[in-house]
Each structure stands twice: as C-alpha cells, then as structure tokens.
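File shown here: run-v3.csv, holding CSV, C-alpha atoms.
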```
chain,number,residue,atom,x,y,z
D,1,MET,CA,-7.1,-49.3,151.8
D,2,LYS,CA,-5.7,-50.5,148.5
D,3,VAL,CA,-4.7,-54.1,148.2
D,4,ALA,CA,-3.1,-56.4,145.6
D,5,TYR,CA,-3.5,-60.1,145.6
D,6,ILE,CA,-0.8,-62.6,144.5
D,7,PHE,CA,-2.2,-66.0,144.0
D,8,ALA,CA,0.9,-68.1,144.5
D,9,THR,CA,-0.2,-71.4,145.9
D,10,THR,CA,-2.1,-74.0,144.1
D,11,GLY,CA,-4.9,-76.1,145.5
D,12,HIS,CA,-8.1,-74.3,146.3
D,13,THR,CA,-6.6,-70.8,146.0
D,14,VAL,CA,-8.6,-69.7,143.0
D,15,SER,CA,-11.7,-71.9,143.2
D,16,TYR,CA,-12.3,-71.3,146.9
D,17,LYS,CA,-10.6,-68.1,148.2
D,18,LEU,CA,-11.1,-66.1,145.0
D,19,GLY,CA,-14.2,-67.8,143.7
D,20,ARG,CA,-16.1,-68.1,146.9
D,21,MET,CA,-14.9,-65.2,148.9
D,22,ILE,CA,-13.1,-62.4,147.1
D,23,LEU,CA,-15.0,-62.4,143.8
D,24,PRO,CA,-18.5,-62.6,145.3
D,25,GLN,CA,-17.6,-59.8,147.7
D,26,LEU,CA,-16.3,-57.6,144.9
D,27,GLU,CA,-19.5,-58.3,142.9
D,28,GLU,CA,-21.5,-57.3,145.9
D,29,ASP,CA,-19.4,-54.2,146.7
D,30,ARG,CA,-18.6,-55.4,150.2
D,31,HIS,CA,-15.1,-56.7,150.0
D,32,GLY,CA,-13.9,-54.0,152.4
D,33,ALA,CA,-10.8,-53.0,150.5
D,34,GLU,CA,-10.1,-51.5,147.1
D,35,VAL,CA,-8.4,-54.2,145.0
D,36,VAL,CA,-6.0,-52.7,142.5
D,37,GLY,CA,-4.4,-55.8,141.1
D,38,MET,CA,-4.3,-59.6,141.0
D,39,PHE,CA,-1.3,-61.6,139.9
D,40,PHE,CA,-1.5,-65.3,139.2
D,41,PHE,CA,1.1,-68.0,139.4
D,42,GLU,CA,1.2,-71.6,138.2
D,43,ASP,CA,-2.1,-73.4,137.7
D,44,ASN,CA,-4.0,-70.4,139.0
D,45,ASN,CA,-3.5,-68.9,135.6
D,46,TYR,CA,-6.1,-71.2,134.1
D,47,ILE,CA,-8.8,-68.8,135.5
D,48,LEU,CA,-7.5,-66.2,133.0
D,49,ARG,CA,-8.0,-68.4,130.0
D,50,ARG,CA,-10.8,-67.4,127.6
D,51,GLY,CA,-14.0,-69.4,128.3
D,52,ASP,CA,-13.4,-70.1,132.0
D,53,PRO,CA,-16.7,-69.4,133.8
D,54,LEU,CA,-15.1,-68.0,137.0
D,55,GLY,CA,-12.7,-66.0,134.8
D,56,GLU,CA,-15.6,-64.4,132.9
D,57,ARG,CA,-17.0,-63.1,136.2
D,58,LEU,CA,-13.6,-61.9,137.4
D,59,VAL,CA,-12.8,-60.1,134.2
D,60,LYS,CA,-16.2,-58.4,134.3
D,61,VAL,CA,-15.6,-57.1,137.8
D,62,ALA,CA,-12.0,-56.2,137.0
D,63,ARG,CA,-13.2,-54.0,134.1
D,64,GLU,CA,-15.8,-52.3,136.2
D,65,LYS,CA,-13.5,-51.6,139.1
D,66,ASN,CA,-10.3,-51.1,137.1
D,67,ILE,CA,-8.4,-54.0,138.6
D,68,LEU,CA,-5.2,-55.1,137.0
D,69,LEU,CA,-5.2,-58.8,136.1
D,70,MET,CA,-1.8,-60.3,135.2
D,71,GLY,CA,-0.6,-63.8,134.7
D,72,CYS,CA,2.9,-65.0,135.3
D,73,ASP,CA,4.5,-65.1,131.8
D,74,GLN,CA,6.6,-68.2,132.4
D,75,CYS,CA,3.7,-70.0,134.0
D,76,CYS,CA,1.4,-69.2,131.1
D,77,TYR,CA,4.0,-70.2,128.5
D,78,GLU,CA,4.6,-73.5,130.2
D,79,ARG,CA,0.9,-74.2,130.1
D,80,ASP,CA,0.6,-72.9,126.5
D,81,ILE,CA,-2.1,-70.4,127.4
D,82,ALA,CA,-0.2,-67.1,127.1
D,83,ASP,CA,-2.1,-66.2,123.9
D,84,LYS,CA,-5.4,-67.6,125.0
D,85,LEU,CA,-6.2,-65.3,127.9
D,86,PHE,CA,-9.2,-63.0,128.2
D,87,GLU,CA,-8.9,-59.7,126.2
D,88,GLY,CA,-7.1,-57.1,128.3
D,89,VAL,CA,-5.4,-59.7,130.6
D,90,ARG,CA,-1.7,-59.5,130.1
D,91,ILE,CA,1.2,-61.8,131.0
D,92,GLY,CA,4.3,-60.4,132.7
D,93,CYS,CA,6.8,-60.8,135.4
D,94,PHE,CA,7.7,-58.7,138.5
D,95,PRO,CA,9.0,-55.7,136.5
D,96,ASP,CA,5.7,-55.6,134.6
D,97,LEU,CA,3.7,-56.0,137.7
D,98,TYR,CA,5.4,-53.3,139.6
D,99,LYS,CA,5.3,-51.0,136.6
D,100,ALA,CA,1.5,-51.6,136.2
D,101,LEU,CA,0.8,-51.0,139.9
D,102,GLU,CA,2.7,-47.7,139.9
D,103,GLN,CA,-0.4,-46.0,138.7
D,104,SER,CA,-2.3,-47.1,141.8
D,105,PRO,CA,0.1,-48.5,144.4
D,106,PRO,CA,-1.4,-50.9,146.9
D,107,ASP,CA,-1.0,-50.3,150.6
D,108,GLN,CA,-0.9,-54.1,151.2
D,109,VAL,CA,0.1,-57.0,149.0
D,110,ILE,CA,-1.6,-60.2,150.1
D,111,THR,CA,-0.2,-63.5,149.0
D,112,LEU,CA,-2.6,-66.4,148.9
G,1,MET,CA,21.4,-78.5,119.2
G,2,GLY,CA,19.1,-78.7,116.1
G,3,CYS,CA,19.7,-76.3,113.4
G,4,CYS,CA,17.5,-74.5,111.0
G,5,GLN,CA,14.2,-75.6,112.6
G,6,SER,CA,11.2,-74.6,110.5
G,7,THR,CA,8.2,-75.6,112.6
G,8,PRO,CA,7.2,-73.1,115.3
G,9,GLN,CA,8.5,-74.0,118.8
G,10,SER,CA,6.7,-73.3,122.0
G,11,VAL,CA,8.2,-70.8,124.4
G,12,GLY,CA,8.2,-73.4,127.1
G,13,ASP,CA,10.3,-75.8,125.0
G,14,LEU,CA,12.7,-73.0,124.1
G,15,LEU,CA,13.1,-71.8,127.7
G,16,HIS,CA,13.9,-75.3,128.8
G,17,ALA,CA,16.4,-75.8,126.0
G,18,ALA,CA,18.0,-72.4,126.9
G,19,LEU,CA,18.4,-73.4,130.5
G,20,ALA,CA,19.6,-76.9,129.8
G,21,ARG,CA,22.4,-76.3,127.4
G,22,ALA,CA,25.9,-74.8,128.0
G,23,HIS,CA,26.1,-71.4,126.5
G,24,TRP,CA,29.2,-70.4,124.5
G,25,ARG,CA,30.9,-67.0,125.2
G,26,ALA,CA,33.4,-65.3,123.0
G,27,PRO,CA,35.8,-62.9,124.8
G,28,ALA,CA,33.5,-60.0,123.8
G,29,PRO,CA,30.1,-59.7,122.2
G,30,ALA,CA,29.9,-59.1,118.5
G,31,ALA,CA,26.9,-56.7,119.0
G,32,SER,CA,24.3,-55.7,121.5
G,33,ALA,CA,20.9,-54.1,121.5
G,34,GLU,CA,18.9,-52.5,124.3
G,35,ASP,CA,15.5,-51.3,125.1
G,36,PRO,CA,16.1,-48.9,128.0
G,37,SER,CA,12.4,-48.3,128.5
G,38,GLN,CA,12.0,-51.9,129.7
G,39,ASN,CA,15.6,-52.5,130.9
G,40,LEU,CA,16.1,-55.2,128.3
G,41,ARG,CA,19.4,-56.1,126.7
G,42,VAL,CA,20.7,-58.7,124.3
G,43,GLU,CA,24.3,-59.5,123.5
G,44,ILE,CA,25.3,-61.7,120.5
G,45,TYR,CA,28.4,-63.8,120.4
G,46,LEU,CA,29.4,-64.8,116.9
G,47,GLU,CA,32.1,-66.7,115.1
G,48,THR,CA,32.2,-67.1,111.4
G,49,GLU,CA,34.4,-69.1,109.1
G,50,GLY,CA,34.5,-69.1,105.3
G,51,GLY,CA,31.3,-67.0,105.1
G,52,CYS,CA,29.3,-69.3,107.4
G,53,ILE,CA,28.2,-69.0,110.9
G,54,ARG,CA,30.4,-71.4,112.9
G,55,ARG,CA,29.2,-70.5,116.4
G,56,ILE,CA,26.5,-68.2,117.6
G,57,ASP,CA,25.1,-67.6,121.0
G,58,TYR,CA,23.6,-64.9,123.2
G,59,ARG,CA,23.3,-63.4,126.6
G,60,CYS,CA,20.1,-61.5,127.4
G,61,SER,CA,17.9,-60.1,130.2
G,62,SER,CA,15.9,-62.7,132.1
G,63,CYS,CA,12.6,-62.2,130.2
G,64,ALA,CA,11.0,-65.4,129.1
G,65,SER,CA,9.8,-64.0,125.8
G,66,LEU,CA,13.2,-62.5,125.0
G,67,ILE,CA,15.1,-65.7,125.9
G,68,ALA,CA,12.7,-67.7,123.7
G,69,TYR,CA,13.3,-65.4,120.7
G,70,CYS,CA,17.1,-65.5,121.2
G,71,GLU,CA,17.1,-69.3,121.5
G,72,ALA,CA,15.0,-69.5,118.3
G,73,MET,CA,17.4,-67.1,116.6
G,74,VAL,CA,20.3,-69.4,117.4
G,75,ARG,CA,18.4,-72.3,116.0
G,76,LEU,CA,17.5,-70.4,112.8
G,77,ALA,CA,20.9,-69.1,112.2
G,78,CYS,CA,23.4,-71.9,113.1
G,79,GLY,CA,25.0,-73.5,110.1
G,80,ARG,CA,23.7,-70.9,107.7
G,81,GLY,CA,25.8,-68.6,105.5
G,82,VAL,CA,26.3,-65.1,106.9
G,83,ALA,CA,24.6,-63.5,103.9
G,84,GLU,CA,21.6,-65.9,104.2
G,85,ALA,CA,21.3,-65.5,107.9
G,86,ALA,CA,21.4,-61.7,107.5
G,87,ARG,CA,18.1,-61.9,105.7
G,88,LEU,CA,16.4,-63.2,108.8
G,89,ASP,CA,14.4,-60.6,110.6
G,90,ALA,CA,12.0,-60.1,113.5
G,91,ALA,CA,9.1,-61.5,111.4
G,92,ASP,CA,11.0,-64.8,111.0
G,93,LEU,CA,11.6,-64.9,114.7
G,94,ILE,CA,7.9,-64.2,115.5
G,95,GLY,CA,6.9,-66.9,113.1
G,96,SER,CA,9.2,-69.4,114.6
G,97,VAL,CA,7.9,-69.1,118.2
G,98,ALA,CA,4.4,-70.1,118.9
G,99,GLY,CA,2.1,-68.7,121.5
G,100,VAL,CA,3.6,-65.3,122.2
G,101,PRO,CA,1.0,-62.5,122.6
G,102,GLY,CA,1.4,-59.6,120.2
G,103,TYR,CA,2.4,-57.1,122.8
G,104,ARG,CA,5.6,-59.2,123.5
G,105,HIS,CA,6.7,-59.2,119.8
G,106,ASP,CA,9.0,-56.2,120.7
G,107,ARG,CA,11.3,-58.8,122.2
G,108,ALA,CA,11.7,-60.4,118.7
G,109,ARG,CA,12.5,-57.0,117.2
G,110,LEU,CA,15.2,-56.5,119.9
G,111,ALA,CA,16.8,-59.9,119.4
G,112,ALA,CA,16.7,-59.4,115.6
G,113,ALA,CA,18.3,-56.0,115.9
G,114,ALA,CA,21.2,-57.3,117.9
G,115,PHE,CA,21.6,-60.3,115.6
G,116,ARG,CA,21.6,-58.3,112.4
G,117,GLN,CA,24.0,-55.8,113.9
G,118,ALA,CA,26.4,-58.7,114.7
G,119,LEU,CA,26.1,-60.2,111.3
G,120,SER,CA,26.6,-56.9,109.5
G,121,LYS,CA,30.2,-56.8,110.6
G,122,HIS,CA,30.8,-60.1,108.9
G,123,LEU,CA,29.1,-59.4,105.6
G,124,PRO,CA,31.1,-58.7,102.5
G,125,HIS,CA,31.0,-55.0,101.7
G,126,GLY,CA,28.8,-55.5,98.7
G,127,GLU,CA,26.1,-57.3,100.7
G,128,ARG,CA,25.8,-54.8,103.5
G,129,SER,CA,22.4,-53.1,103.7
G,130,PRO,CA,20.6,-50.9,106.2
G,131,SER,CA,19.0,-52.6,109.1
G,132,ARG,CA,15.4,-53.6,108.8
```
Go ahead and render the structure in this file as structure tokens.
Amino acid sequence: MKVAYIFATTGHTVSYKLGRMILPQLEEDRHGAEVVGMFFFEDNNYILRRGDPLGERLVKVAREKNILLMGCDQCCYERDIADKLFEGVRIGCFPDLYKALEQSPPDQVITL
Amino acid sequence: MGCCQSTPQSVGDLLHAALARAHWRAPAPAASAEDPSQNLRVEIYLETEGGCIRRIDYRCSSCASLIAYCEAMVRLACGRGVAEAARLDAADLIGSVAGVPGYRHDRARLAAAAFRQALSKHLPHGERSPSR
C-alpha cells in the first residue's frame, strides 16, 4: 500500500510521530507501507530547514526511497525559511502536491 | 501604500499587505498574462495621467509567490512615469522580494509580462520596444 502523510497539526507531530515512529521504521525498512510523499504545514516545516538533525535523517531516507518532501509555501514564507530548506525539498501548495504525487499516487493520505 | 520601495520585502509581509488592503478594479484589465501549464493568471489594472501611473493594481491566481511579486510590482510602479516603469522587468521584481526559491522566479516573469504588456499600451509610440 502506498501512503502519503500530511503533517497538519503542531505539537509533537514531527518530533514524536515522525521522529520516533515513522522515520525510524523507514530507516529500518519495517514501516509496513510504501511512503510516497510527506507534506508539512505550519511549524512542522522547521524539520525541512537545512541543519535540522531530524531533517538530515529524513532527507537521507527520502532520497533513498524516492519520497516526496514538500513544505507548505505560505507556511515557509511566513517563517522566512522558504529558501533555507534542504536541497531537493520544495515548497508548494495543493496543486503542486497533487501534481507531484501524480507520478506515484498514494492509496491512502494520512493526516497527522 | 508605500511607493517605490527599494529594500527587498519578505513574501510574508507582502502577502499580509495584499490581503489587508482594498484592491482597485478598473472596468476591464489593461492586460493579462497566463501560464497554462500551471494554471496561473495575472490581470493588471492601470490608470495613467500625464505620462504617469495614477493607479495600478492586479488580480491574480492564489499562489503566494505570484501574489507577492504582483504586490511588489505595484509598490515599485506606483507614482512612476510610464516610460520609467516600463523599464522594470522580472529581475527587478526578483530583486525586490526576498526569500523566494529560484524555481518560483517564474512567477516574477509572469507578473512582469502582464505589467509590461499593460504599460506598453500607454507608452508614446517612440518609446515602445519589444517585451523583455
């Protein structure tokens, strides 16, 4: 099954659910689903900023597994990080997300 | 609204400004430009008087980068002479908005294309030149 994650809520969404569950499972090849994309809203975008330790690991896995990483453009602009993201990580909005996922459409989109 | 701002503005500030102010609409746009591959469109509303831009505004697709460039264009253009404003191009827009990734600079080119097309209709014949 192919899944895409949308990290919409703030709090421990990235540090806990992504950082302690999804990412370690992806690194260990035991997540149980093929992740085709991740989209980040609001403060969750800080993980995509160059130099973020968790982001380093996420980008490495994403490159290995061909996972799309995209930050919400308005969220990144408001935080002044749109041009400070890891190489290959793009900003965009829903049209960009849907277009990018066309190449490998997810069966499920999971909002966290 | 401030005119002829020279320091780069952040997209966030420009977006907030665009949302906060009342937009002027002429009965019909002076020009428009489209990027069909991305479903993006810009319309320019323009009023000139005595060779100067009296009022200028825009309506565009709801893309944050595009809105920021259009807002920056209005700030750069308002109060200028038509001939002077016609020399503004995409590079000026890109330089006036900070923090936009390079792959979004196509929005500046779209805004500039619509802007220059609108101005070209108001230029004296001797000053008309091909679009950059």
Discussion item. When you look at Phe7 (chain D) with a cut-off of 12 Å (counting all atoms listed in the file), what residues show up, excluding the ones that are within fewer than 4 positions of it in the same chain? I need them as a list of chain:residue names.
Written reply: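 My reading of the contact set: D:Gly11, D:His12, D:Thr13, D:Val14, D:Ser15, D:Tyr16, D:Lys17, D:Leu18, D:Ile22, D:Gly37, D:Met38, D:Phe39, D:Phe40, D:Phe41, D:Glu42, D:Asp43, D:Asn44, D:Asn45, D:Tyr46, D:Ile47, D:Leu69, D:Met70, D:Gly71, D:Cys72, D:Val109, D:Ile110, D:Thr111, D:Leu112.
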Worksheet entry | Contact residues (chain D, partner chain G, 9 Å, only C-alpha atoms) as a list in words | Asp73, Gln74, Cys75, Cys76, Tyr77, Glu78, Arg79, Asp80, Ile81, Ala82, Asp83, Lys84, Arg90, Ile91, Gly92, Cys93, Pro95 and Asp96 of chain D
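The space between CA of Ala18 (chain G) and CA of Arg75 (chain G) spans 10.9 Å.
Taking CA of Ala114 (chain G) and CA of Arg87 (chain G) as endpoints, the distance between them is 13.4 Å.
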Worksheet item: By how many Å are CA of Ile67 (chain D) and CA of Val35 (chain D) apart?
Response: 6.4 Å
Worksheet, complete the sentence: Ile94 (chain G) proximity check over G:Met73, G:Ala118, G:Ile56, G:Ala30, using all atoms listed in the file: winner is G:Met73
What lies within 7 Å of Asp57 (chain G) using only C-alpha atoms, ignoring chain neighbours under 2 positions off, as a compact mmCIF listing (two decimals) with C-alpha atoms, in the coordinates of the input?
```txt
# COMPACT_ATOMS: atom_id res chain seq x y z
CA HIS G 23 26.10 -71.40 126.50
CA TRP G 24 29.20 -70.40 124.50
CA ILE G 44 25.30 -61.70 120.50
CA TYR G 45 28.40 -63.80 120.40
CA LEU G 46 29.40 -64.80 116.90
CA ARG G 55 29.20 -70.50 116.40
CA VAL G 74 20.30 -69.40 117.40
```
Practice prompt. Select all residues near (16.9, -58.5, 123.6) (cut-off 8 Å, inclusive, file coordinates), counting all atoms listed in the file, and output them as a ChimeraX atom specification.
Written response: /G:33-35,40-43,60-61,66-67,70,107-111,114
Practice prompt. Please identify all polymer residues within 12 Å of Gly79 (chain G), counting all atoms listed in the file, omitting same-chain residues fewer than 2 positions from it, and present them as a PyMOL selection string.
Written response: chain G and resi 1-5+46-56+73-77+81-85
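Distances from G:Pro27, G:Gln9, G:Arg80, G:Leu88 to Phe115 (chain G) were compared using only C-alpha atoms, and the smallest one belongs to G:Leu88.
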Discussion item. Which residues are near region 102-106 of chain D? Cut-off 8 Å, all atoms listed in the file, ignore same chain within fewer than 5 positions. Put them as a list in words.
Written reply: Met1, Lys2, Val3, Ala4, Val35 and Val36 of chain D
Would you mind exporting C-alpha atoms of the selected residues as a PDB file, in the coordinates of the input?
```pdb
ATOM      1  CA  MET D   1      -7.100 -49.300 151.800  1.00  0.00           C
ATOM      2  CA  LYS D   2      -5.700 -50.500 148.500  1.00  0.00           C
ATOM      3  CA  VAL D   3      -4.700 -54.100 148.200  1.00  0.00           C
ATOM      4  CA  ALA D   4      -3.100 -56.400 145.600  1.00  0.00           C
ATOM      5  CA  VAL D  35      -8.400 -54.200 145.000  1.00  0.00           C
ATOM      6  CA  VAL D  36      -6.000 -52.700 142.500  1.00  0.00           C
TER       7      VAL D  36
END
```
